[in-house]
file structure-v4.txt (compact mmCIF, C-alpha atoms and all ligand atoms)
# COMPACT_ATOMS: atom_id res chain seq x y z
CA MET Z 1 -52.10 53.29 69.29
CA PRO Z 2 -49.14 55.16 70.73
CA GLY Z 3 -46.32 52.75 71.44
CA GLY Z 4 -47.73 50.15 69.07
CA GLU Z 5 -49.35 48.06 71.80
CA ILE Z 6 -52.98 47.15 71.31
CA ASP Z 7 -56.05 48.30 73.09
CA GLU Z 8 -58.22 45.34 72.25
CA THR Z 9 -58.81 41.87 73.55
CA PRO Z 10 -56.70 39.13 71.93
CA GLN Z 11 -58.00 37.98 68.58
CA ALA Z 12 -60.75 35.41 68.75
CA PRO Z 13 -60.00 31.89 67.55
CA THR Z 14 -60.74 31.55 63.88
CA HIS Z 15 -63.99 29.89 62.86
CA VAL Z 16 -62.78 29.27 59.34
CA SER Z 17 -61.21 25.86 58.71
CA LEU Z 18 -57.49 25.79 58.06
CA GLY Z 19 -58.04 23.46 55.11
CA SER Z 20 -60.27 25.96 53.35
CA ILE Z 21 -57.76 28.75 54.01
CA VAL Z 22 -54.92 26.75 52.45
CA GLU Z 23 -57.05 25.75 49.47
CA ALA Z 24 -57.64 29.42 48.66
CA PHE Z 25 -53.95 29.80 47.77
CA GLU Z 26 -52.25 28.75 44.54
CA ILE Z 27 -50.80 25.65 46.16
CA ALA Z 28 -49.86 22.14 45.03
CA SER Z 29 -52.38 19.41 45.93
CA PRO Z 30 -53.39 17.41 47.80
CA VAL Z 31 -52.97 19.15 51.14
CA GLU Z 32 -51.36 16.52 53.37
CA THR Z 33 -50.75 18.05 56.80
CA ILE Z 34 -51.24 21.34 58.64
CA GLU Z 35 -49.55 21.61 62.03
CA PRO Z 36 -48.69 24.41 64.51
CA TYR Z 37 -45.18 25.77 63.94
CA GLY Z 38 -42.62 28.05 65.63
CA ARG Z 39 -42.75 30.10 68.82
CA GLY Z 40 -43.88 33.56 67.68
CA LEU Z 41 -45.53 35.72 70.32
CA ILE Z 42 -47.88 37.61 68.00
CA ASN Z 43 -49.11 35.71 64.92
CA ASP Z 44 -50.40 32.12 64.59
CA THR Z 45 -48.10 29.99 62.46
CA PHE Z 46 -48.60 26.58 60.82
CA ARG Z 47 -46.47 24.31 58.67
CA VAL Z 48 -48.30 22.92 55.66
CA SER Z 49 -47.34 19.99 53.43
CA ALA Z 50 -49.08 19.81 50.09
CA GLY Z 51 -48.21 17.94 46.92
CA GLY Z 52 -44.73 17.18 48.26
CA THR Z 53 -43.90 20.85 49.01
CA ARG Z 54 -43.78 22.51 52.41
CA TYR Z 55 -45.14 25.94 53.22
CA VAL Z 56 -45.58 28.28 56.17
CA LEU Z 57 -49.11 29.54 56.76
CA GLN Z 58 -49.69 32.50 59.07
CA ARG Z 59 -52.65 34.30 60.47
CA ILE Z 60 -51.52 37.86 60.97
CA ASN Z 61 -52.65 39.31 64.27
CA GLY Z 62 -55.10 41.98 63.16
CA ALA Z 63 -55.24 43.45 66.66
CA VAL Z 64 -51.53 44.32 66.31
CA PHE Z 65 -51.07 45.10 62.60
CA PRO Z 66 -53.63 47.68 61.42
CA ASP Z 67 -53.36 46.77 57.73
CA PRO Z 68 -51.76 43.31 57.32
CA LEU Z 69 -51.70 43.55 53.52
CA ARG Z 70 -49.03 46.24 53.83
CA ILE Z 71 -46.67 43.57 55.19
CA MET Z 72 -47.03 41.56 52.02
CA CYS Z 73 -46.35 44.65 49.87
CA ASN Z 74 -43.16 45.30 51.83
CA ILE Z 75 -42.02 41.69 51.42
CA GLN Z 76 -42.53 42.00 47.67
CA VAL Z 77 -40.40 45.16 47.61
CA LEU Z 78 -37.66 43.30 49.50
CA ASP Z 79 -37.90 40.29 47.22
CA ARG Z 80 -37.46 42.47 44.11
CA GLN Z 81 -34.47 44.20 45.71
CA ALA Z 82 -32.84 40.88 46.70
CA ARG Z 83 -33.23 39.59 43.12
CA GLN Z 84 -31.38 42.67 41.82
CA GLN Z 85 -28.43 41.96 44.12
CA PRO Z 86 -27.99 38.18 43.94
CA ASP Z 87 -24.33 38.48 44.99
CA LEU Z 88 -25.54 39.23 48.53
CA GLY Z 89 -26.92 35.67 48.54
CA PHE Z 90 -29.95 36.66 50.51
CA ARG Z 91 -32.94 34.32 50.62
CA VAL Z 92 -36.42 35.74 50.99
CA PRO Z 93 -39.32 33.31 51.60
CA ALA Z 94 -41.52 33.43 48.46
CA LEU Z 95 -45.09 34.60 48.98
CA ILE Z 96 -47.69 32.35 47.37
CA ALA Z 97 -50.57 34.29 45.82
CA THR Z 98 -54.18 33.34 46.34
CA ARG Z 99 -56.11 31.74 43.47
CA LYS Z 100 -57.57 35.21 42.90
CA GLY Z 101 -54.03 36.57 42.46
CA GLU Z 102 -53.78 38.45 45.75
CA ALA Z 103 -50.78 38.49 48.08
CA GLY Z 104 -52.86 37.52 51.12
CA LEU Z 105 -56.30 36.21 51.96
CA ARG Z 106 -58.90 38.07 53.95
CA ALA Z 107 -61.09 35.26 55.33
CA SER Z 108 -64.81 35.62 55.92
CA ASP Z 109 -64.18 36.27 59.64
CA GLY Z 110 -61.94 39.27 58.79
CA ASN Z 111 -58.59 37.61 59.58
CA VAL Z 112 -55.77 38.04 57.07
CA TRP Z 113 -53.68 34.98 56.17
CA ARG Z 114 -50.53 34.56 54.11
CA LEU Z 115 -48.72 31.56 52.71
CA MET Z 116 -44.99 31.34 52.02
CA THR Z 117 -42.63 28.62 50.89
CA LEU Z 118 -40.72 26.99 53.72
CA ILE Z 119 -36.96 27.47 53.34
CA GLU Z 120 -35.89 23.81 53.24
CA ASP Z 121 -32.75 22.41 54.87
CA ALA Z 122 -32.64 25.44 57.12
CA VAL Z 123 -32.74 25.28 60.90
CA GLY Z 124 -32.95 27.69 63.81
CA LEU Z 125 -30.46 27.59 66.67
CA PRO Z 126 -31.57 27.26 70.30
CA GLY Z 127 -28.41 29.12 71.34
CA ILE Z 128 -25.03 30.19 69.99
CA GLU Z 129 -22.35 27.62 70.69
CA ASP Z 130 -19.30 28.88 68.86
CA PRO Z 131 -17.86 32.15 67.52
CA GLU Z 132 -18.33 31.02 63.91
CA GLN Z 133 -22.12 30.97 64.42
CA ALA Z 134 -21.87 34.45 65.92
CA CYS Z 135 -19.90 35.66 62.87
CA GLU Z 136 -22.55 34.20 60.59
CA ILE Z 137 -25.24 36.21 62.37
CA GLY Z 138 -23.30 39.47 62.14
CA ARG Z 139 -22.55 38.87 58.48
CA LEU Z 140 -26.20 38.09 57.70
CA LEU Z 141 -27.56 41.14 59.50
CA GLY Z 142 -24.88 43.31 57.86
CA ARG Z 143 -25.72 42.01 54.39
CA PHE Z 144 -29.43 42.42 55.07
CA HIS Z 145 -28.95 46.04 56.12
CA THR Z 146 -26.68 46.70 53.14
CA LEU Z 147 -29.39 45.36 50.85
CA LEU Z 148 -32.01 47.52 52.56
CA GLN Z 149 -29.87 50.65 52.31
CA SER Z 150 -30.34 50.63 48.56
CA LEU Z 151 -34.03 51.37 49.24
CA PRO Z 152 -35.27 54.79 50.34
CA ALA Z 153 -37.11 54.54 53.67
CA GLU Z 154 -40.29 55.79 51.91
CA ALA Z 155 -40.28 52.73 49.63
CA LEU Z 156 -41.69 50.71 52.52
CA SER Z 157 -45.03 51.16 54.23
CA VAL Z 158 -45.29 51.44 57.99
CA THR Z 159 -46.75 48.08 59.05
CA LEU Z 160 -46.75 48.71 62.79
CA PRO Z 161 -47.09 52.37 63.79
CA GLY Z 162 -45.31 53.20 67.05
CA PHE Z 163 -43.06 50.12 66.93
CA HIS Z 164 -39.76 50.75 68.80
CA GLU Z 165 -40.99 54.22 69.83
CA THR Z 166 -39.50 53.83 73.29
CA PRO Z 167 -40.78 57.19 74.64
CA ALA Z 168 -44.33 56.14 73.69
CA TYR Z 169 -43.88 52.74 75.39
CA LEU Z 170 -42.72 54.59 78.50
CA ALA Z 171 -45.69 56.97 78.39
CA ARG Z 172 -48.05 54.04 78.10
CA PHE Z 173 -46.35 52.25 80.99
CA LEU Z 174 -46.69 55.35 83.19
CA SER Z 175 -50.37 55.76 82.36
CA VAL Z 176 -51.12 52.07 83.02
CA LEU Z 177 -49.17 52.27 86.26
CA ALA Z 178 -51.28 55.21 87.41
CA ARG Z 179 -54.39 53.06 86.83
CA VAL Z 180 -53.13 49.98 88.71
CA GLU Z 181 -51.25 51.50 91.66
CA GLY Z 182 -52.40 48.60 93.88
CA ALA Z 183 -50.41 46.13 91.77
CA ARG Z 184 -47.25 47.59 93.28
CA ASN Z 185 -47.98 45.77 96.53
CA ASP Z 186 -46.65 42.68 94.76
CA PRO Z 187 -42.90 42.75 95.50
CA GLN Z 188 -41.94 41.25 92.13
CA ILE Z 189 -43.95 43.91 90.28
CA GLU Z 190 -42.58 46.67 92.51
CA THR Z 191 -38.98 45.63 91.79
CA CYS Z 192 -39.61 45.82 88.04
CA VAL Z 193 -41.55 49.07 88.30
CA ARG Z 194 -38.75 50.73 90.33
CA PHE Z 195 -36.21 49.51 87.80
CA ALA Z 196 -38.14 51.07 84.94
CA LEU Z 197 -38.84 54.34 86.77
CA ASP Z 198 -35.14 54.74 87.61
CA ARG Z 199 -34.18 54.49 83.94
CA GLN Z 200 -36.75 56.69 82.26
CA ALA Z 201 -34.05 58.91 80.74
CA LEU Z 202 -32.82 55.96 78.68
CA ALA Z 203 -36.09 55.83 76.73
CA THR Z 204 -35.55 59.09 74.87
CA ARG Z 205 -31.87 58.93 73.83
CA LEU Z 206 -32.17 57.34 70.37
CA ALA Z 207 -35.49 58.99 69.57
CA ASP Z 208 -34.00 62.39 70.47
CA ALA Z 209 -30.91 61.78 68.31
CA ARG Z 210 -33.24 60.88 65.43
CA ASP Z 211 -35.48 63.90 66.01
CA ARG Z 212 -32.44 66.19 66.04
CA GLY Z 213 -31.43 64.70 62.68
CA GLU Z 214 -28.21 63.14 64.04
CA ILE Z 215 -29.12 59.62 62.93
CA PRO Z 216 -31.18 58.73 59.86
CA VAL Z 217 -34.36 56.74 59.44
CA ARG Z 218 -33.53 53.75 57.25
CA VAL Z 219 -35.29 50.50 56.36
CA ILE Z 220 -34.96 47.91 59.13
CA HIS Z 221 -36.10 44.37 59.96
CA GLY Z 222 -37.46 45.31 63.38
CA ASP Z 223 -37.16 41.88 65.02
CA PRO Z 224 -33.77 40.24 64.22
CA LYS Z 225 -33.81 37.93 67.24
CA LEU Z 226 -32.08 34.55 67.17
CA ASP Z 227 -35.36 32.69 66.54
CA ASN Z 228 -35.73 34.63 63.29
CA ILE Z 229 -32.37 33.59 61.81
CA LEU Z 230 -32.14 30.42 59.74
CA PHE Z 231 -28.93 28.46 59.21
CA ASP Z 232 -28.06 25.91 56.55
CA ARG Z 233 -28.46 22.50 58.16
CA ASP Z 234 -25.21 21.16 56.66
CA SER Z 235 -22.81 24.06 56.23
CA GLY Z 236 -23.98 26.09 59.24
CA ARG Z 237 -24.03 29.29 57.17
CA ALA Z 238 -26.71 31.83 58.10
CA LEU Z 239 -29.18 31.80 55.20
CA ALA Z 240 -32.11 34.05 55.90
CA LEU Z 241 -33.78 36.45 58.27
CA ILE Z 242 -37.41 35.45 58.50
CA ASP Z 243 -40.44 37.07 60.15
CA LEU Z 244 -40.62 40.13 57.94
CA ASP Z 245 -43.73 41.65 59.55
CA THR Z 246 -41.92 44.64 60.93
CA LEU Z 247 -39.78 45.35 57.89
CA GLN Z 248 -40.40 49.10 57.76
CA PRO Z 249 -38.70 52.48 58.22
CA GLY Z 250 -36.85 52.73 61.54
CA LEU Z 251 -33.47 53.07 63.23
CA ILE Z 252 -30.71 50.66 62.29
CA LEU Z 253 -29.62 50.88 65.94
CA HIS Z 254 -32.84 49.20 66.99
CA ASP Z 255 -31.94 46.18 64.86
CA ILE Z 256 -28.34 46.04 66.08
CA GLY Z 257 -29.40 46.37 69.71
CA ASP Z 258 -32.20 43.84 69.36
CA CYS Z 259 -30.03 41.23 67.66
CA LEU Z 260 -27.37 41.53 70.38
CA ARG Z 261 -30.02 41.55 73.13
CA SER Z 262 -31.33 38.25 71.88
CA CYS Z 263 -28.14 36.46 70.79
CA CYS Z 264 -25.85 37.47 73.66
CA ASN Z 265 -28.15 36.43 76.51
CA ARG Z 266 -27.32 32.73 76.65
CA SER Z 267 -30.12 32.03 79.12
CA GLY Z 268 -32.72 33.09 76.53
CA GLU Z 269 -35.85 35.23 76.83
CA SER Z 270 -37.57 32.78 79.18
CA ALA Z 271 -34.51 31.86 81.30
CA ASP Z 272 -35.33 28.94 83.56
CA GLY Z 273 -32.89 29.94 86.30
CA ARG Z 274 -30.29 27.32 85.36
CA THR Z 275 -28.14 29.74 83.33
CA ARG Z 276 -27.48 33.18 84.78
CA VAL Z 277 -28.89 36.07 82.75
CA ALA Z 278 -25.82 37.81 81.37
CA PHE Z 279 -24.62 39.73 78.32
CA ASP Z 280 -21.97 37.49 76.77
CA LEU Z 281 -19.22 39.66 75.28
CA ALA Z 282 -17.61 36.60 73.71
CA VAL Z 283 -20.73 36.29 71.51
CA ALA Z 284 -21.24 40.02 70.98
CA GLU Z 285 -17.76 40.72 69.64
CA PRO Z 286 -17.75 38.26 66.69
CA ILE Z 287 -21.30 39.32 65.77
CA LEU Z 288 -20.39 42.98 65.75
CA ARG Z 289 -17.02 42.49 64.02
CA ALA Z 290 -18.65 40.56 61.18
CA TYR Z 291 -21.45 43.14 61.05
CA ALA Z 292 -18.91 45.97 60.81
CA GLU Z 293 -17.14 44.27 57.90
CA GLN Z 294 -20.37 44.45 55.91
CA THR Z 295 -21.54 47.91 56.92
CA ARG Z 296 -18.59 50.15 57.73
CA ALA Z 297 -18.72 51.72 54.26
CA TRP Z 298 -22.10 53.35 54.91
CA LEU Z 299 -22.91 53.28 58.62
CA SER Z 300 -22.41 56.80 60.03
CA PRO Z 301 -19.99 57.64 62.89
CA GLU Z 302 -22.99 58.93 64.87
CA GLU Z 303 -24.74 55.58 64.53
CA ILE Z 304 -21.60 53.67 65.52
CA ALA Z 305 -21.12 55.93 68.55
CA LEU Z 306 -24.64 55.11 69.75
CA ILE Z 307 -24.31 51.29 69.50
CA PRO Z 308 -23.51 50.88 73.24
CA GLU Z 309 -26.62 52.94 74.01
CA ALA Z 310 -28.71 50.72 71.71
CA ILE Z 311 -27.35 47.57 73.38
CA ARG Z 312 -28.64 48.88 76.71
CA LEU Z 313 -31.87 50.30 75.32
CA MET Z 314 -33.34 47.27 73.55
CA PRO Z 315 -33.60 44.92 76.55
CA PHE Z 316 -34.92 47.87 78.54
CA GLU Z 317 -37.58 48.55 75.91
CA LEU Z 318 -38.65 44.90 75.66
CA GLY Z 319 -38.71 44.55 79.45
CA LEU Z 320 -40.89 47.66 79.63
CA ARG Z 321 -43.25 46.21 77.00
CA PHE Z 322 -43.51 42.85 78.85
CA LEU Z 323 -44.10 44.64 82.16
CA THR Z 324 -46.77 46.93 80.69
CA ASP Z 325 -48.50 43.95 79.11
CA HIS Z 326 -48.49 42.13 82.44
CA LEU Z 327 -50.06 45.16 84.14
CA GLU Z 328 -52.66 45.37 81.35
CA GLY Z 329 -53.63 41.70 81.67
CA ASP Z 330 -51.53 39.99 78.95
CA ARG Z 331 -53.30 41.42 75.93
CA TYR Z 332 -50.42 41.76 73.47
CA PHE Z 333 -47.84 38.98 73.89
CA LYS Z 334 -48.99 35.36 73.97
CA VAL Z 335 -48.39 33.78 77.38
CA ALA Z 336 -48.51 30.12 78.41
CA GLU Z 337 -49.35 30.99 82.03
CA PRO Z 338 -50.20 34.04 84.14
CA GLY Z 339 -47.11 35.89 85.36
CA GLU Z 340 -45.01 34.95 82.33
CA ASN Z 341 -44.79 38.50 81.01
CA LEU Z 342 -43.68 39.73 84.44
CA ARG Z 343 -41.01 37.05 84.68
CA LYS Z 344 -39.79 37.89 81.17
CA ALA Z 345 -39.66 41.59 82.07
CA GLY Z 346 -37.44 40.70 85.03
CA ILE Z 347 -35.12 38.73 82.72
CA GLN Z 348 -34.73 41.65 80.28
CA PHE Z 349 -34.08 44.03 83.19
CA ALA Z 350 -31.45 41.63 84.61
CA LEU Z 351 -29.81 41.77 81.20
CA VAL Z 352 -29.83 45.59 81.31
CA THR Z 353 -28.16 45.45 84.73
CA ASP Z 354 -25.40 43.20 83.42
CA ILE Z 355 -24.92 45.48 80.40
CA GLU Z 356 -24.56 48.46 82.75
CA VAL Z 357 -21.85 46.60 84.69
CA LYS Z 358 -20.00 45.87 81.45
CA VAL Z 359 -20.36 49.32 79.90
CA GLU Z 360 -16.61 50.01 79.63
CA ASP Z 361 -15.95 46.65 77.99
CA ILE Z 362 -18.85 47.21 75.59
CA ASN Z 363 -17.53 50.65 74.60
CA THR Z 364 -14.06 49.33 73.81
CA MET Z 365 -15.47 46.32 72.01
CA VAL Z 366 -17.53 48.54 69.69
CA THR Z 367 -14.51 50.73 68.94
CA ARG Z 368 -12.36 47.66 68.23
CA CYS Z 369 -14.94 46.13 65.90
CA PHE Z 370 -15.34 49.25 63.78
CA GLN Z 371 -11.62 50.14 63.53
CA THR Z 372 -10.47 49.85 59.94
CA PRO Z 373 -8.68 46.50 59.71
C1 LIG R 1 -42.48 39.69 69.27
O1 LIG R 1 -44.04 37.71 67.36
P1 LIG R 1 -42.59 37.61 67.55
O2 LIG R 1 -42.24 36.54 68.53
O3 LIG R 1 -41.87 37.49 66.25
C2 LIG R 1 -42.38 41.21 69.09
C3 LIG R 1 -40.94 41.69 69.12
C4 LIG R 1 -40.24 41.20 70.36
C5 LIG R 1 -40.33 39.68 70.41
C6 LIG R 1 -39.71 39.13 71.66
C7 LIG R 1 -44.55 42.77 66.44
O4 LIG R 1 -42.02 39.03 68.13
O5 LIG R 1 -40.92 43.10 69.10
O6 LIG R 1 -38.88 41.60 70.38
O7 LIG R 1 -41.72 39.28 70.39
N1 LIG R 1 -43.01 41.59 67.83
C8 LIG R 1 -43.96 42.54 67.78
O8 LIG R 1 -39.58 37.75 71.55
O9 LIG R 1 -44.34 43.16 68.74
MG MG R 2 -41.69 39.20 64.93

call {"tool": "encode", "arguments": {"input": "structure-v4.txt", "output": "structure tokens"}}
result
Amino acid sequence: MPGGEIDETPQAPTHVSLGSIVEAFEIASPVETIEPYGRGLINDTFRVSAGGTRYVLQRINGAVFPDPLRIMCNIQVLDRQARQQPDLGFRVPALIATRKGEAGLRASDGNVWRLMTLIEDAVGLPGIEDPEQACEIGRLLGRFHTLLQSLPAEALSVTLPGFHETPAYLARFLSVLARVEGARNDPQIETCVRFALDRQALATRLADARDRGEIPVRVIHGDPKLDNILFDRDSGRALALIDLDTLQPGLILHDIGDCLRSCCNRSGESADGRTRVAFDLAVAEPILRAYAEQTRAWLSPEEIALIPEAIRLMPFELGLRFLTDHLEGDRYFKVAEPGENLRKAGIQFALVTDIEVKVEDINTMVTRCFQTP
């Protein structure tokens, strides 16, 4: 599908028992507990305890990922690469093979499942409270990208075609909008729609720079949001970037922009109105400075020059995706209640607005961070 969003109804609940899924993997026994885990918007995730070890079990959303087994192949490539560069100290969750020796399980109902070890003594952060945490994030993303740069982009399969293709997301939004004109009578929808229509030019900037050959396609994570970063419970050091489904060829700027979009909005993706939606420069600067320390040797001047553009683009892109999904009837992102995607689109667009106000400060911050120390 252009733009990576699906054209199908959400996946049906599985009819296969979770116990029998887990038992199909090469896992310690007995299986003690299986419970829902995490807050992902796409896959279904469970935490499993078996034989004194803890694992993460996931059903990969087959309506989103056309060939889920490709994800497992990419994770194996990353794992091999991380083992060759142990000095980077990067932890990759280990994939557990099935008893038949495969990297994932295709259940009788067609769903693909995978099992990984849980990274113990690691925790997520609900928000960033001090600059040291921000530094940790920048350092981790920088080390992750440095590790990935030793791989040619072709070494990884495309797991999600059209992902972060902003012009395709825009085209899809415009075609959905043409179908549901009446929805614009809702003032909240109309505000978001106007916002998106006024910024259409933004959608093509990075894609155009890539198509003109000014910035390279490299291997990226695709989703380095705060929820996907694990910290050591005791030392507070950032340990791992999890959720490797969208590890694939792409633009490094998408990762940088997405990480800052997520970490620097203190009110979070589902802001409850208590904290104002704002782009916090006091969080962005330590992230980017630590990131620059790890990457300045190989990141190109053209990429660095486009970082402010990426910071503005990523919340715009996500807001556009939430808005489109709302107009299409919530078929892609999981929602807890109707209207949630629309509300979340408004939050991302409010973040874009704040970024636009702070553009000068963002430009100087990027320059400062990448100056040779
Ligand atoms: C989705 O499934 P999850 O929560 O890891 C989405 C990302 C968005 C993110 C926003 C494959 O990630 O692109 O940035 O929600 N992943 C996919 O929270 O579409
Ligand atoms: Mg994800």

call {"tool": "closest_atom_pairs", "arguments": {"input": "structure-v4.txt", "of": "range 248-271 of chain Z", "to": "range 284-291 of chain Z", "cutoff": "8 Å", "atoms": "all atoms listed in the file", "output": "Markdown table"}}
result
| residue | atom | partner | partner_atom | distance |
| --- | --- | --- | --- | --- |
| Z:Leu260 | CA | Z:Ala284 | CA | 6.3 |
| Z:Cys263 | CA | Z:Ala284 | CA | 7.8 |
| Z:Cys264 | CA | Z:Ala284 | CA | 5.9 |

call {"tool": "closest_residue", "arguments": {"input": "structure-v4.txt", "among": "Z:Pro86, Z:Gly138, Z:Pro301, Z:Gly38", "to": "ligand MG 2 (chain R)", "atoms": "all atoms listed in the file"}}
result
Z:Gly38

call {"tool": "closest_residue", "arguments": {"input": "structure-v4.txt", "among": "Z:Ala240, Z:Leu206, Z:Val180, Z:Glu269", "to": "Gly329 in chain Z", "atoms": "all atoms listed in the file"}}
result
Z:Val180

call {"tool": "closest_residue", "arguments": {"input": "structure-v4.txt", "among": "Z:Thr275, Z:Thr98, Z:Asn43, Z:Asn74", "to": "ligand LIG 1 (chain R)", "atoms": "all atoms listed in the file"}}
result
Z:Asn43

call {"tool": "residues_near_ligand", "arguments": {"input": "structure-v4.txt", "ligand": "ligand LIG 1 (chain R)", "cutoff": "9 Å", "atoms": "all atoms listed in the file", "output": "PyMOL selection string"}}
result
chain Z and resi 4-5+38-44+64-65+160+163-164+222-225+227-228+243-246+258+262+269+314-315+317-318+321-322+332-334

call {"tool": "closest_residue", "arguments": {"input": "structure-v4.txt", "among": "Z:Pro68, Z:Pro167, Z:Gly52, Z:Gly142", "to": "Val112 in chain Z", "atoms": "all atoms listed in the file"}}
result
Z:Pro68

call {"tool": "residues_around", "arguments": {"input": "structure-v4.txt", "residues": "Asp121 in chain Z", "least_positions_apart": "3", "cutoff": "12 Å", "atoms": "all atoms listed in the file", "output": "ChimeraX atom specification"}}
result
/Z:54,118,124,230-240

call {"tool": "residues_around", "arguments": {"input": "structure-v4.txt", "residues": "Ile220 in chain Z", "least_positions_apart": "6", "cutoff": "8 Å", "atoms": "only C-alpha atoms", "output": "list in words"}}
result
His145, Leu148, Thr246, Leu247, Gln248, Pro249, Gly250, Leu251, Ile252 and Asp255 of chain Z

call {"tool": "residues_around", "arguments": {"input": "structure-v4.txt", "residues": "Leu95 in chain Z", "least_positions_apart": "4", "cutoff": "7 Å", "atoms": "all atoms listed in the file", "output": "ChimeraX atom specification"}}
result
/Z:103,115-117

call {"tool": "residues_around", "arguments": {"input": "structure-v4.txt", "residues": "Ser17 in chain Z", "least_positions_apart": "4", "cutoff": "12 Å", "atoms": "all atoms listed in the file", "output": "VMD selection string"}}
result
chain Z and resid 13 21 to 24 34 107 to 109

call {"tool": "atom_distance", "arguments": {"input": "structure-v4.txt", "atom1": "CA of Gly62 in chain Z", "atom2": "CA of Leu177 in chain Z"}}
result
26.0 Å

call {"tool": "closest_residue", "arguments": {"input": "structure-v4.txt", "among": "Z:Thr146, Z:His221, Z:Val357, Z:Pro152", "to": "ligand MG 2 (chain R)", "atoms": "only C-alpha atoms and all ligand atoms"}}
result
Z:His221

call {"tool": "closest_residue", "arguments": {"input": "structure-v4.txt", "among": "Z:Leu156, Z:Leu88, Z:Leu241, Z:Ile137", "to": "ligand MG 2 (chain R)", "atoms": "all atoms listed in the file"}}
result
Z:Leu241

call {"tool": "atom_distance", "arguments": {"input": "structure-v4.txt", "atom1": "CA of Thr204 in chain Z", "atom2": "CA of Arg276 in chain Z"}}
result
28.9 Å

call {"tool": "atom_distance", "arguments": {"input": "structure-v4.txt", "atom1": "CA of Trp113 in chain Z", "atom2": "CA of Gln58 in chain Z"}}
result
5.5 Å

call {"tool": "axis_aligned_box", "arguments": {"input": "structure-v4.txt", "around": "range 249-262 of chain Z", "padding_each_side": "6 Å", "output": "lines of an AutoDock Vina configuration file"}}
result
center_x = -33.0
center_y = 45.7
center_z = 65.7
size_x = 23.3
size_y = 26.8
size_z = 26.9
